[in-house]
file target11.txt (compact mmCIF, C-alpha atoms)
# COMPACT_ATOMS: atom_id res chain seq x y z
CA MET Q 1 -8.83 -3.58 -31.98
CA ASN Q 2 -8.99 -4.92 -28.43
CA GLU Q 3 -5.69 -4.37 -26.60
CA GLN Q 4 -6.10 -7.53 -24.54
CA GLU Q 5 -6.62 -9.65 -27.68
CA THR Q 6 -3.61 -8.06 -29.35
CA GLN Q 7 -1.44 -8.94 -26.35
CA ALA Q 8 -2.76 -12.51 -26.38
CA VAL Q 9 -1.78 -12.88 -30.06
CA GLN Q 10 1.65 -11.35 -29.36
CA ALA Q 11 2.08 -13.94 -26.60
CA ALA Q 12 1.05 -16.76 -28.96
CA ASN Q 13 3.55 -15.49 -31.53
CA ALA Q 14 6.31 -15.38 -28.90
CA ARG Q 15 5.37 -18.93 -27.85
CA PHE Q 16 5.76 -20.09 -31.46
CA TYR Q 17 9.31 -18.72 -31.63
CA GLU Q 18 10.18 -20.19 -28.21
CA ALA Q 19 9.04 -23.58 -29.52
CA PHE Q 20 11.00 -23.05 -32.76
CA GLN Q 21 14.12 -22.09 -30.82
CA SER Q 22 13.74 -25.03 -28.39
CA LEU Q 23 13.98 -27.50 -31.32
CA ASP Q 24 11.39 -29.52 -29.34
CA LEU Q 25 8.80 -31.12 -31.62
CA GLU Q 26 6.22 -31.58 -28.84
CA ARG Q 27 6.38 -27.88 -27.94
CA MET Q 28 6.03 -27.00 -31.63
CA SER Q 29 3.08 -29.36 -32.02
CA ALA Q 30 1.30 -27.71 -29.06
CA VAL Q 31 1.50 -24.31 -30.79
CA TRP Q 32 -0.61 -25.50 -33.75
CA ALA Q 33 -4.41 -25.85 -33.76
CA PRO Q 34 -5.00 -29.62 -33.54
CA ASP Q 35 -8.23 -29.55 -35.56
CA ALA Q 36 -7.25 -27.12 -38.32
CA HIS Q 37 -5.76 -27.69 -41.77
CA ALA Q 38 -2.14 -26.73 -41.03
CA THR Q 39 -0.01 -25.14 -43.76
CA VAL Q 40 3.57 -23.88 -43.84
CA VAL Q 41 5.94 -22.19 -46.29
CA HIS Q 42 9.55 -22.43 -45.09
CA PRO Q 43 12.02 -19.99 -46.71
CA GLY Q 44 12.57 -21.04 -50.32
CA TRP Q 45 10.23 -24.04 -50.03
CA ARG Q 46 6.90 -24.78 -51.66
CA LEU Q 47 3.73 -24.98 -49.61
CA ILE Q 48 3.45 -27.92 -47.20
CA ALA Q 49 -0.16 -28.77 -46.32
CA GLY Q 50 -1.67 -30.99 -43.65
CA ARG Q 51 -0.72 -31.38 -40.00
CA ASP Q 52 1.38 -34.54 -40.45
CA ALA Q 53 3.41 -33.07 -43.33
CA VAL Q 54 3.87 -29.78 -41.44
CA MET Q 55 5.15 -31.58 -38.33
CA GLU Q 56 7.42 -33.77 -40.46
CA SER Q 57 8.93 -30.57 -41.92
CA TRP Q 58 9.64 -29.21 -38.43
CA LYS Q 59 11.22 -32.57 -37.48
CA GLY Q 60 13.55 -32.29 -40.47
CA ILE Q 61 14.58 -28.76 -39.52
CA PHE Q 62 15.03 -29.62 -35.82
CA ASP Q 63 17.00 -32.82 -36.54
CA ASN Q 64 19.52 -30.87 -38.60
CA ALA Q 65 19.96 -27.86 -36.30
CA THR Q 66 22.04 -28.04 -33.12
CA MET Q 67 21.36 -24.44 -32.04
CA MET Q 68 18.95 -21.77 -33.19
CA HIS Q 69 18.63 -18.30 -31.67
CA PHE Q 70 15.80 -15.97 -32.64
CA LEU Q 71 15.56 -12.22 -32.24
CA ILE Q 72 12.05 -11.17 -33.31
CA THR Q 73 11.58 -7.55 -34.38
CA GLY Q 74 8.94 -5.36 -36.03
CA VAL Q 75 5.95 -7.33 -34.76
CA ASN Q 76 2.59 -6.21 -36.22
CA VAL Q 77 -0.54 -7.94 -34.95
CA PHE Q 78 -4.04 -7.83 -36.50
CA VAL Q 79 -7.15 -9.38 -34.99
CA GLU Q 80 -10.53 -9.85 -36.71
CA GLY Q 81 -12.97 -11.93 -34.69
CA PRO Q 82 -11.66 -15.46 -34.15
CA LEU Q 83 -8.72 -14.97 -36.48
CA ALA Q 84 -5.45 -13.10 -36.13
CA TRP Q 85 -2.23 -12.66 -38.05
CA ALA Q 86 1.17 -11.55 -36.87
CA LEU Q 87 3.83 -10.09 -39.18
CA CYS Q 88 7.40 -9.95 -37.92
CA THR Q 89 11.07 -10.10 -38.83
CA GLU Q 90 13.02 -13.15 -37.68
CA ASN Q 91 16.72 -12.46 -37.06
CA ILE Q 92 18.12 -15.98 -36.75
CA THR Q 93 21.52 -17.33 -35.76
CA THR Q 94 21.74 -21.02 -36.66
CA VAL Q 95 24.22 -23.81 -36.17
CA LEU Q 96 23.52 -26.34 -38.92
CA ASP Q 97 25.91 -29.21 -39.57
CA GLY Q 98 28.55 -27.40 -37.48
CA GLN Q 99 28.32 -24.14 -39.50
CA VAL Q 100 27.20 -20.88 -37.89
CA SER Q 101 25.04 -18.67 -40.11
CA GLU Q 102 22.93 -15.57 -39.61
CA GLY Q 103 19.81 -14.86 -41.56
CA ARG Q 104 16.93 -12.43 -41.70
CA PHE Q 105 13.47 -13.60 -42.62
CA GLN Q 106 10.04 -11.99 -42.92
CA ALA Q 107 7.14 -13.99 -41.51
CA THR Q 108 3.36 -14.07 -41.83
CA ASN Q 109 1.82 -16.16 -39.03
CA ILE Q 110 -1.94 -16.87 -38.90
CA TYR Q 111 -3.66 -17.88 -35.66
CA THR Q 112 -7.17 -19.04 -34.81
CA LEU Q 113 -8.94 -18.77 -31.46
CA ARG Q 114 -9.78 -22.16 -29.91
CA ASP Q 115 -11.24 -22.31 -26.38
CA GLY Q 116 -9.67 -18.97 -25.48
CA GLN Q 117 -6.25 -19.89 -26.90
CA TRP Q 118 -4.65 -18.50 -30.05
CA LEU Q 119 -3.25 -21.45 -32.05
CA MET Q 120 -1.27 -21.42 -35.29
CA VAL Q 121 -2.82 -22.52 -38.59
CA HIS Q 122 -0.27 -21.10 -41.08
CA HIS Q 123 3.36 -19.99 -41.05
CA HIS Q 124 5.07 -18.36 -44.04
CA GLY Q 125 8.73 -17.40 -43.73
CA SER Q 126 10.78 -15.88 -46.54
CA PRO Q 127 14.35 -14.61 -46.82
CA VAL Q 128 15.03 -10.86 -46.76
CA VAL Q 129 17.84 -10.17 -49.22
CA MET P 1 -16.56 -24.29 -44.98
CA ASN P 2 -19.25 -22.73 -47.19
CA GLU P 3 -18.65 -23.58 -50.86
CA GLN P 4 -20.12 -20.27 -52.03
CA GLU P 5 -17.76 -18.30 -49.77
CA THR P 6 -14.78 -20.35 -50.93
CA GLN P 7 -15.63 -19.56 -54.55
CA ALA P 8 -15.99 -15.86 -53.73
CA VAL P 9 -12.50 -15.83 -52.17
CA GLN P 10 -11.08 -17.72 -55.16
CA ALA P 11 -12.63 -15.06 -57.41
CA ALA P 12 -11.10 -12.28 -55.27
CA ASN P 13 -7.72 -13.99 -55.49
CA ALA P 14 -8.04 -14.29 -59.29
CA ARG P 15 -8.99 -10.59 -59.43
CA PHE P 16 -5.82 -9.71 -57.51
CA TYR P 17 -3.64 -11.52 -60.07
CA GLU P 18 -5.56 -9.98 -62.98
CA ALA P 19 -4.84 -6.55 -61.49
CA PHE P 20 -1.20 -7.50 -60.91
CA GLN P 21 -0.86 -8.71 -64.51
CA SER P 22 -2.60 -5.63 -65.90
CA LEU P 23 0.11 -3.37 -64.38
CA ASP P 24 -2.78 -0.94 -63.76
CA LEU P 25 -2.45 0.84 -60.42
CA GLU P 26 -6.15 1.76 -60.21
CA ARG P 27 -7.20 -1.86 -60.68
CA MET P 28 -4.68 -2.92 -58.02
CA SER P 29 -5.93 -0.22 -55.64
CA ALA P 30 -9.52 -1.47 -56.05
CA VAL P 31 -8.48 -4.97 -54.91
CA TRP P 32 -7.37 -3.70 -51.47
CA ALA P 33 -9.69 -2.88 -48.55
CA PRO P 34 -9.76 0.95 -48.46
CA ASP P 35 -10.22 1.16 -44.69
CA ALA P 36 -7.78 -1.53 -43.54
CA HIS P 37 -4.12 -1.35 -42.56
CA ALA P 38 -2.56 -2.72 -45.75
CA THR P 39 0.68 -4.71 -45.58
CA VAL P 40 2.83 -6.41 -48.21
CA VAL P 41 5.99 -8.52 -48.38
CA HIS P 42 7.33 -8.65 -51.94
CA PRO P 43 9.82 -11.47 -52.67
CA GLY P 44 13.09 -10.71 -50.88
CA TRP P 45 11.78 -7.44 -49.44
CA ARG P 46 11.06 -6.39 -45.87
CA LEU P 47 7.50 -5.67 -44.74
CA ILE P 48 5.84 -2.59 -46.22
CA ALA P 49 3.02 -1.24 -44.04
CA GLY P 50 0.27 1.29 -44.70
CA ARG P 51 -1.88 1.78 -47.77
CA ASP P 52 0.16 4.62 -49.29
CA ALA P 53 3.46 2.74 -48.94
CA VAL P 54 1.89 -0.46 -50.31
CA MET P 55 0.51 1.35 -53.37
CA GLU P 56 3.86 3.11 -53.89
CA SER P 57 5.52 -0.33 -53.95
CA TRP P 58 3.11 -1.55 -56.63
CA LYS P 59 3.77 1.62 -58.64
CA GLY P 60 7.50 0.88 -58.53
CA ILE P 61 6.96 -2.69 -59.73
CA PHE P 62 4.50 -1.67 -62.47
CA ASP P 63 6.68 1.22 -63.71
CA ASN P 64 9.60 -1.16 -64.27
CA ALA P 65 7.73 -4.05 -65.88
CA THR P 66 6.58 -3.95 -69.49
CA MET P 67 4.88 -7.37 -69.44
CA MET P 68 3.95 -9.80 -66.70
CA HIS P 69 2.14 -13.08 -67.21
CA PHE P 70 0.83 -15.12 -64.27
CA LEU P 71 -0.09 -18.78 -64.12
CA ILE P 72 -1.58 -19.44 -60.68
CA THR P 73 -1.49 -23.04 -59.43
CA GLY P 74 -2.15 -24.97 -56.21
CA VAL P 75 -4.74 -22.56 -54.82
CA ASN P 76 -5.85 -23.35 -51.23
CA VAL P 77 -8.56 -21.17 -49.72
CA PHE P 78 -9.57 -20.94 -46.05
CA VAL P 79 -12.48 -18.92 -44.69
CA GLU P 80 -13.20 -18.14 -41.03
CA GLY P 81 -16.04 -15.67 -40.54
CA PRO P 82 -15.21 -12.28 -42.11
CA LEU P 83 -11.63 -13.28 -42.87
CA ALA P 84 -10.09 -15.52 -45.50
CA TRP P 85 -6.67 -16.46 -46.75
CA ALA P 86 -5.56 -17.93 -50.05
CA LEU P 87 -2.32 -19.82 -50.55
CA CYS P 88 -1.08 -20.34 -54.10
CA THR P 89 1.93 -20.70 -56.36
CA GLU P 90 2.64 -17.85 -58.78
CA ASN P 91 4.38 -18.95 -61.97
CA ILE P 92 5.45 -15.63 -63.47
CA THR P 93 6.97 -14.64 -66.80
CA THR P 94 8.27 -11.08 -66.62
CA VAL P 95 9.78 -8.59 -69.02
CA LEU P 96 11.77 -6.17 -66.90
CA ASP P 97 14.12 -3.66 -68.52
CA GLY P 98 13.93 -5.66 -71.76
CA GLN P 99 14.94 -8.97 -70.12
CA VAL P 100 12.59 -11.97 -70.05
CA SER P 101 12.69 -14.02 -66.86
CA GLU P 102 10.60 -16.80 -65.35
CA GLY P 103 10.08 -17.21 -61.66
CA ARG P 104 8.09 -19.28 -59.20
CA PHE P 105 6.80 -17.75 -56.01
CA GLN P 106 4.69 -18.95 -53.09
CA ALA P 107 2.04 -16.52 -51.85
CA THR P 108 -0.07 -15.99 -48.75
CA ASN P 109 -2.93 -13.56 -49.45
CA ILE P 110 -5.28 -12.38 -46.68
CA TYR P 111 -8.74 -10.98 -47.47
CA THR P 112 -11.44 -9.34 -45.36
CA LEU P 113 -15.17 -9.19 -46.10
CA ARG P 114 -16.48 -5.63 -46.63
CA ASP P 115 -20.08 -5.11 -47.76
CA GLY P 116 -20.21 -8.56 -49.33
CA GLN P 117 -16.86 -8.14 -51.12
CA TRP P 118 -13.59 -9.90 -50.29
CA LEU P 119 -10.83 -7.28 -50.28
CA MET P 120 -7.10 -7.75 -49.73
CA VAL P 121 -5.38 -6.65 -46.53
CA HIS P 122 -2.05 -8.52 -46.83
CA HIS P 123 0.06 -10.08 -49.59
CA HIS P 124 3.24 -12.07 -48.92
CA GLY P 125 5.16 -13.46 -51.87
CA SER P 126 8.42 -15.39 -51.59
CA PRO P 127 10.69 -17.10 -54.09
CA VAL P 128 10.62 -20.89 -54.43
CA VAL P 129 14.18 -22.07 -55.00
call {"tool": "encode", "arguments": {"input": "target11.txt", "output": "structure tokens"}}
result
Amino acid sequence: MNEQETQAVQAANARFYEAFQSLDLERMSAVWAPDAHATVVHPGWRLIAGRDAVMESWKGIFDNATMMHFLITGVNVFVEGPLAWALCTENITTVLDGQVSEGRFQATNIYTLRDGQWLMVHHHGSPVV
Amino acid sequence: MNEQETQAVQAANARFYEAFQSLDLERMSAVWAPDAHATVVHPGWRLIAGRDAVMESWKGIFDNATMMHFLITGVNVFVEGPLAWALCTENITTVLDGQVSEGRFQATNIYTLRDGQWLMVHHHGSPVV
């Protein structure tokens, strides 16, 4: 595996979590491949498919959260040609409706290479119990 | 997306669940790419990495289950070059330690093409609540 590619995917994965943490829908939208069939599984949810539905789901999460802090650990990156996936643990502190909670989630994030940029096509997060 | 490739990935995904349901470790082993870095996230678990650890995790699940029936719904398949991923809902009836339970899980399965065969490199299953 090419070290430079691996670092580029790690950077894309970090950018995803910065966008998530920012609660900024435009930043989140920029992380996703504009021309791909976007899909997401939020913890405990069913699959959401299609870019509009995926962005609507982020809007719902962002609208309800007033603060979200991510500590990302155990990042594993795999690259095969124009496709890559990152596996990592999300340690999240959230303020939702005035309540502080901490959670740990395991994520599978899939990225595709578009004009030299790694962009997200799928995010799957699930609770670690 | 090539229809023939999509069908081949769907068949690989069906083979994975047949192996899972069979509780046969050799059949499960044959589903996974022998030369890839295998990873798995079982529902509620942390990431398990490396072929030996992944197979050990299946052994633990199979040893404890006496019957497992899968109904797979909502299958979405994506292919990009030598890599593919299948998203689906697992509707599972399990007999574990004499207790019957039903569960619904959302899965992300990643496959790689090796000598014309789609083989698994990553499975992520999470509970739908």
call {"tool": "atom_distance", "arguments": {"input": "target11.txt", "atom1": "CA of Asp115 (chain Q)", "atom2": "CA of Val75 (chain Q)"}}
result
24.3 Å
call {"tool": "residues_around", "arguments": {"input": "target11.txt", "residues": "Leu25 (chain Q)", "least_positions_apart": "3", "cutoff": "9 Å", "atoms": "only C-alpha atoms", "output": "VMD selection string"}}
result
chain Q and resid 19 to 20 22 28 to 30 55 58 to 59 62
call {"tool": "closest_atom_pairs", "arguments": {"input": "target11.txt", "of": "chain P", "to": "chain Q", "cutoff": "12 Å", "atoms": "all atoms listed in the file", "output": "JSON lines"}}
result
{"residue": "P:Met1", "atom": "CA", "partner": "Q:His37", "partner_atom": "CA", "distance": 11.8}
{"residue": "P:Ala36", "atom": "CA", "partner": "Q:Phe78", "partner_atom": "CA", "distance": 10.2}
{"residue": "P:His37", "atom": "CA", "partner": "Q:Phe78", "partner_atom": "CA", "distance": 8.9}
{"residue": "P:Ala38", "atom": "CA", "partner": "Q:Phe78", "partner_atom": "CA", "distance": 10.7}
{"residue": "P:Thr39", "atom": "CA", "partner": "Q:Leu87", "partner_atom": "CA", "distance": 8.9}
{"residue": "P:Val40", "atom": "CA", "partner": "Q:Leu87", "partner_atom": "CA", "distance": 9.8}
{"residue": "P:Val41", "atom": "CA", "partner": "Q:Gln106", "partner_atom": "CA", "distance": 7.6}
{"residue": "P:His42", "atom": "CA", "partner": "Q:Val128", "partner_atom": "CA", "distance": 9.5}
{"residue": "P:Pro43", "atom": "CA", "partner": "Q:Ser126", "partner_atom": "CA", "distance": 7.6}
{"residue": "P:Gly44", "atom": "CA", "partner": "Q:Val128", "partner_atom": "CA", "distance": 4.6}
{"residue": "P:Trp45", "atom": "CA", "partner": "Q:Val128", "partner_atom": "CA", "distance": 5.4}
{"residue": "P:Arg46", "atom": "CA", "partner": "Q:Val128", "partner_atom": "CA", "distance": 6.0}
{"residue": "P:Leu47", "atom": "CA", "partner": "Q:Gln106", "partner_atom": "CA", "distance": 7.1}
{"residue": "P:Ile48", "atom": "CA", "partner": "Q:Leu87", "partner_atom": "CA", "distance": 10.5}
{"residue": "P:Ala49", "atom": "CA", "partner": "Q:Asn76", "partner_atom": "CA", "distance": 9.3}
{"residue": "P:Gly50", "atom": "CA", "partner": "Q:Asn76", "partner_atom": "CA", "distance": 11.6}
{"residue": "P:Thr73", "atom": "CA", "partner": "Q:Leu47", "partner_atom": "CA", "distance": 11.3}
{"residue": "P:Gly74", "atom": "CA", "partner": "Q:Leu47", "partner_atom": "CA", "distance": 8.8}
{"residue": "P:Val75", "atom": "CA", "partner": "Q:Leu47", "partner_atom": "CA", "distance": 10.2}
{"residue": "P:Asn76", "atom": "CA", "partner": "Q:Ala49", "partner_atom": "CA", "distance": 9.3}
{"residue": "P:Val77", "atom": "CA", "partner": "Q:His37", "partner_atom": "CA", "distance": 10.7}
{"residue": "P:Phe78", "atom": "CA", "partner": "Q:His37", "partner_atom": "CA", "distance": 8.9}
{"residue": "P:Val79", "atom": "CA", "partner": "Q:Leu83", "partner_atom": "CA", "distance": 9.9}
{"residue": "P:Glu80", "atom": "CA", "partner": "Q:Leu83", "partner_atom": "CA", "distance": 7.1}
{"residue": "P:Gly81", "atom": "CA", "partner": "Q:Gly81", "partner_atom": "CA", "distance": 7.6}
{"residue": "P:Pro82", "atom": "CA", "partner": "Q:Glu80", "partner_atom": "CA", "distance": 7.5}
{"residue": "P:Leu83", "atom": "CA", "partner": "Q:Glu80", "partner_atom": "CA", "distance": 7.1}
{"residue": "P:Ala84", "atom": "CA", "partner": "Q:Leu83", "partner_atom": "CA", "distance": 9.1}
{"residue": "P:Trp85", "atom": "CA", "partner": "Q:Ile110", "partner_atom": "CA", "distance": 9.2}
{"residue": "P:Ala86", "atom": "CA", "partner": "Q:His122", "partner_atom": "CA", "distance": 10.9}
{"residue": "P:Leu87", "atom": "CA", "partner": "Q:Leu47", "partner_atom": "CA", "distance": 8.0}
{"residue": "P:Cys88", "atom": "CA", "partner": "Q:Leu47", "partner_atom": "CA", "distance": 8.1}
{"residue": "P:Thr89", "atom": "CA", "partner": "Q:Arg46", "partner_atom": "CA", "distance": 8.0}
{"residue": "P:Glu90", "atom": "CA", "partner": "Q:Arg46", "partner_atom": "CA", "distance": 10.8}
{"residue": "P:Arg104", "atom": "CA", "partner": "Q:Arg46", "partner_atom": "CA", "distance": 9.4}
{"residue": "P:Phe105", "atom": "CA", "partner": "Q:Arg46", "partner_atom": "CA", "distance": 8.3}
{"residue": "P:Gln106", "atom": "CA", "partner": "Q:Arg46", "partner_atom": "CA", "distance": 6.4}
{"residue": "P:Ala107", "atom": "CA", "partner": "Q:His124", "partner_atom": "CA", "distance": 8.6}
{"residue": "P:Thr108", "atom": "CA", "partner": "Q:His124", "partner_atom": "CA", "distance": 7.4}
{"residue": "P:Asn109", "atom": "CA", "partner": "Q:Thr108", "partner_atom": "CA", "distance": 9.9}
{"residue": "P:Ile110", "atom": "CA", "partner": "Q:Trp85", "partner_atom": "CA", "distance": 9.2}
{"residue": "P:Tyr111", "atom": "CA", "partner": "Q:Glu80", "partner_atom": "CA", "distance": 11.0}
{"residue": "P:Thr112", "atom": "CA", "partner": "Q:Glu80", "partner_atom": "CA", "distance": 8.7}
{"residue": "P:Leu113", "atom": "CA", "partner": "Q:Glu80", "partner_atom": "CA", "distance": 10.5}
{"residue": "P:Val121", "atom": "CA", "partner": "Q:Phe78", "partner_atom": "CA", "distance": 10.2}
{"residue": "P:His122", "atom": "CA", "partner": "Q:Thr108", "partner_atom": "CA", "distance": 9.2}
{"residue": "P:His123", "atom": "CA", "partner": "Q:Thr108", "partner_atom": "CA", "distance": 9.3}
{"residue": "P:His124", "atom": "CA", "partner": "Q:Thr108", "partner_atom": "CA", "distance": 7.4}
{"residue": "P:Gly125", "atom": "CA", "partner": "Q:Ser126", "partner_atom": "CA", "distance": 8.1}
{"residue": "P:Ser126", "atom": "CA", "partner": "Q:Ser126", "partner_atom": "CA", "distance": 5.6}
{"residue": "P:Pro127", "atom": "CA", "partner": "Q:Gly44", "partner_atom": "CA", "distance": 5.8}
{"residue": "P:Val128", "atom": "CA", "partner": "Q:Gly44", "partner_atom": "CA", "distance": 4.6}
{"residue": "P:Val129", "atom": "CA", "partner": "Q:Gly44", "partner_atom": "CA", "distance": 5.1}
call {"tool": "atom_distance", "arguments": {"input": "target11.txt", "atom1": "CA of Glu3 (chain Q)", "atom2": "CA of Leu119 (chain Q)"}}
result
18.1 Å
call {"tool": "residues_around", "arguments": {"input": "target11.txt", "residues": "Ala12 (chain Q)", "least_positions_apart": "2", "cutoff": "8 Å", "atoms": "all atoms listed in the file", "output": "list of chain:residue names"}}
result
Q:Ala8, Q:Val9, Q:Gln10, Q:Ala14, Q:Arg15, Q:Phe16, Q:Val31, Q:Trp118, Q:Leu119
call {"tool": "residues_around", "arguments": {"input": "target11.txt", "residues": "Asp63 (chain Q)", "least_positions_apart": "3", "cutoff": "12 Å", "atoms": "only C-alpha atoms", "output": "ChimeraX atom specification"}}
result
/Q:22-25,56-60,66-68,95-97
call {"tool": "write_last_selection", "arguments": {"input": "target11.txt", "atoms": "C-alpha atoms", "output": "JSON list (two decimals), in the frame of the given file"}}
result
[["chain", "number", "residue", "atom", "x", "y", "z"],
["Q", 22, "SER", "CA", 13.74, -25.03, -28.39],
["Q", 23, "LEU", "CA", 13.98, -27.50, -31.32],
["Q", 24, "ASP", "CA", 11.39, -29.52, -29.34],
["Q", 25, "LEU", "CA", 8.80, -31.12, -31.62],
["Q", 56, "GLU", "CA", 7.42, -33.77, -40.46],
["Q", 57, "SER", "CA", 8.93, -30.57, -41.92],
["Q", 58, "TRP", "CA", 9.64, -29.21, -38.43],
["Q", 59, "LYS", "CA", 11.22, -32.57, -37.48],
["Q", 60, "GLY", "CA", 13.55, -32.29, -40.47],
["Q", 66, "THR", "CA", 22.04, -28.04, -33.12],
["Q", 67, "MET", "CA", 21.36, -24.44, -32.04],
["Q", 68, "MET", "CA", 18.95, -21.77, -33.19],
["Q", 95, "VAL", "CA", 24.22, -23.81, -36.17],
["Q", 96, "LEU", "CA", 23.52, -26.34, -38.92],
["Q", 97, "ASP", "CA", 25.91, -29.21, -39.57]]
call {"tool": "atom_distance", "arguments": {"input": "target11.txt", "atom1": "CA of Val100 (chain Q)", "atom2": "CA of Ala11 (chain Q)"}}
result
28.4 Å
call {"tool": "build_atoms", "arguments": {"input": "target11.txt", "residues": "region 93-112 of chain Q", "atoms": "N, CA and C atoms", "output": "compact mmCIF listing (two decimals), keeping the file's coordinate frame"}}
result
# COMPACT_ATOMS: atom_id res chain seq x y z
N THR Q 93 20.16 -16.78 -35.76
CA THR Q 93 21.52 -17.33 -35.76
C THR Q 93 21.36 -18.85 -35.64
N THR Q 94 21.92 -19.56 -36.59
CA THR Q 94 21.74 -21.02 -36.66
C THR Q 94 23.07 -21.74 -36.65
N VAL Q 95 23.10 -22.89 -35.99
CA VAL Q 95 24.22 -23.81 -36.17
C VAL Q 95 23.65 -25.05 -36.86
N LEU Q 96 24.05 -25.24 -38.11
CA LEU Q 96 23.52 -26.34 -38.92
C LEU Q 96 24.71 -27.11 -39.48
N ASP Q 97 24.78 -28.38 -39.14
CA ASP Q 97 25.91 -29.21 -39.57
C ASP Q 97 27.24 -28.55 -39.19
N GLY Q 98 27.30 -27.98 -37.97
CA GLY Q 98 28.55 -27.40 -37.48
C GLY Q 98 28.90 -26.03 -38.03
N GLN Q 99 28.06 -25.46 -38.91
CA GLN Q 99 28.32 -24.14 -39.50
C GLN Q 99 27.41 -23.09 -38.88
N VAL Q 100 28.00 -21.97 -38.44
CA VAL Q 100 27.20 -20.88 -37.89
C VAL Q 100 26.78 -19.96 -39.03
N SER Q 101 25.48 -19.63 -39.10
CA SER Q 101 25.04 -18.67 -40.11
C SER Q 101 23.99 -17.74 -39.51
N GLU Q 102 23.92 -16.53 -40.06
CA GLU Q 102 22.93 -15.57 -39.61
C GLU Q 102 22.02 -15.25 -40.77
N GLY Q 103 20.74 -15.14 -40.48
CA GLY Q 103 19.81 -14.86 -41.56
C GLY Q 103 18.68 -13.97 -41.07
N ARG Q 104 18.07 -13.29 -42.03
CA ARG Q 104 16.93 -12.43 -41.70
C ARG Q 104 15.76 -12.86 -42.57
N PHE Q 105 14.64 -13.09 -41.93
CA PHE Q 105 13.47 -13.60 -42.62
C PHE Q 105 12.25 -12.77 -42.25
N GLN Q 106 11.30 -12.69 -43.18
CA GLN Q 106 10.04 -11.99 -42.92
C GLN Q 106 8.95 -13.05 -42.80
N ALA Q 107 8.14 -12.95 -41.75
CA ALA Q 107 7.14 -13.99 -41.51
C ALA Q 107 5.72 -13.44 -41.47
N THR Q 108 4.80 -14.25 -41.99
CA THR Q 108 3.36 -14.07 -41.83
C THR Q 108 2.85 -15.29 -41.07
N ASN Q 109 2.32 -15.07 -39.87
CA ASN Q 109 1.82 -16.16 -39.03
C ASN Q 109 0.33 -15.95 -38.79
N ILE Q 110 -0.49 -16.98 -39.08
CA ILE Q 110 -1.94 -16.87 -38.90
C ILE Q 110 -2.37 -17.77 -37.73
N TYR Q 111 -3.19 -17.18 -36.86
CA TYR Q 111 -3.66 -17.88 -35.66
C TYR Q 111 -5.18 -17.89 -35.61
N THR Q 112 -5.73 -18.95 -35.00
CA THR Q 112 -7.17 -19.04 -34.81
C THR Q 112 -7.45 -19.23 -33.32
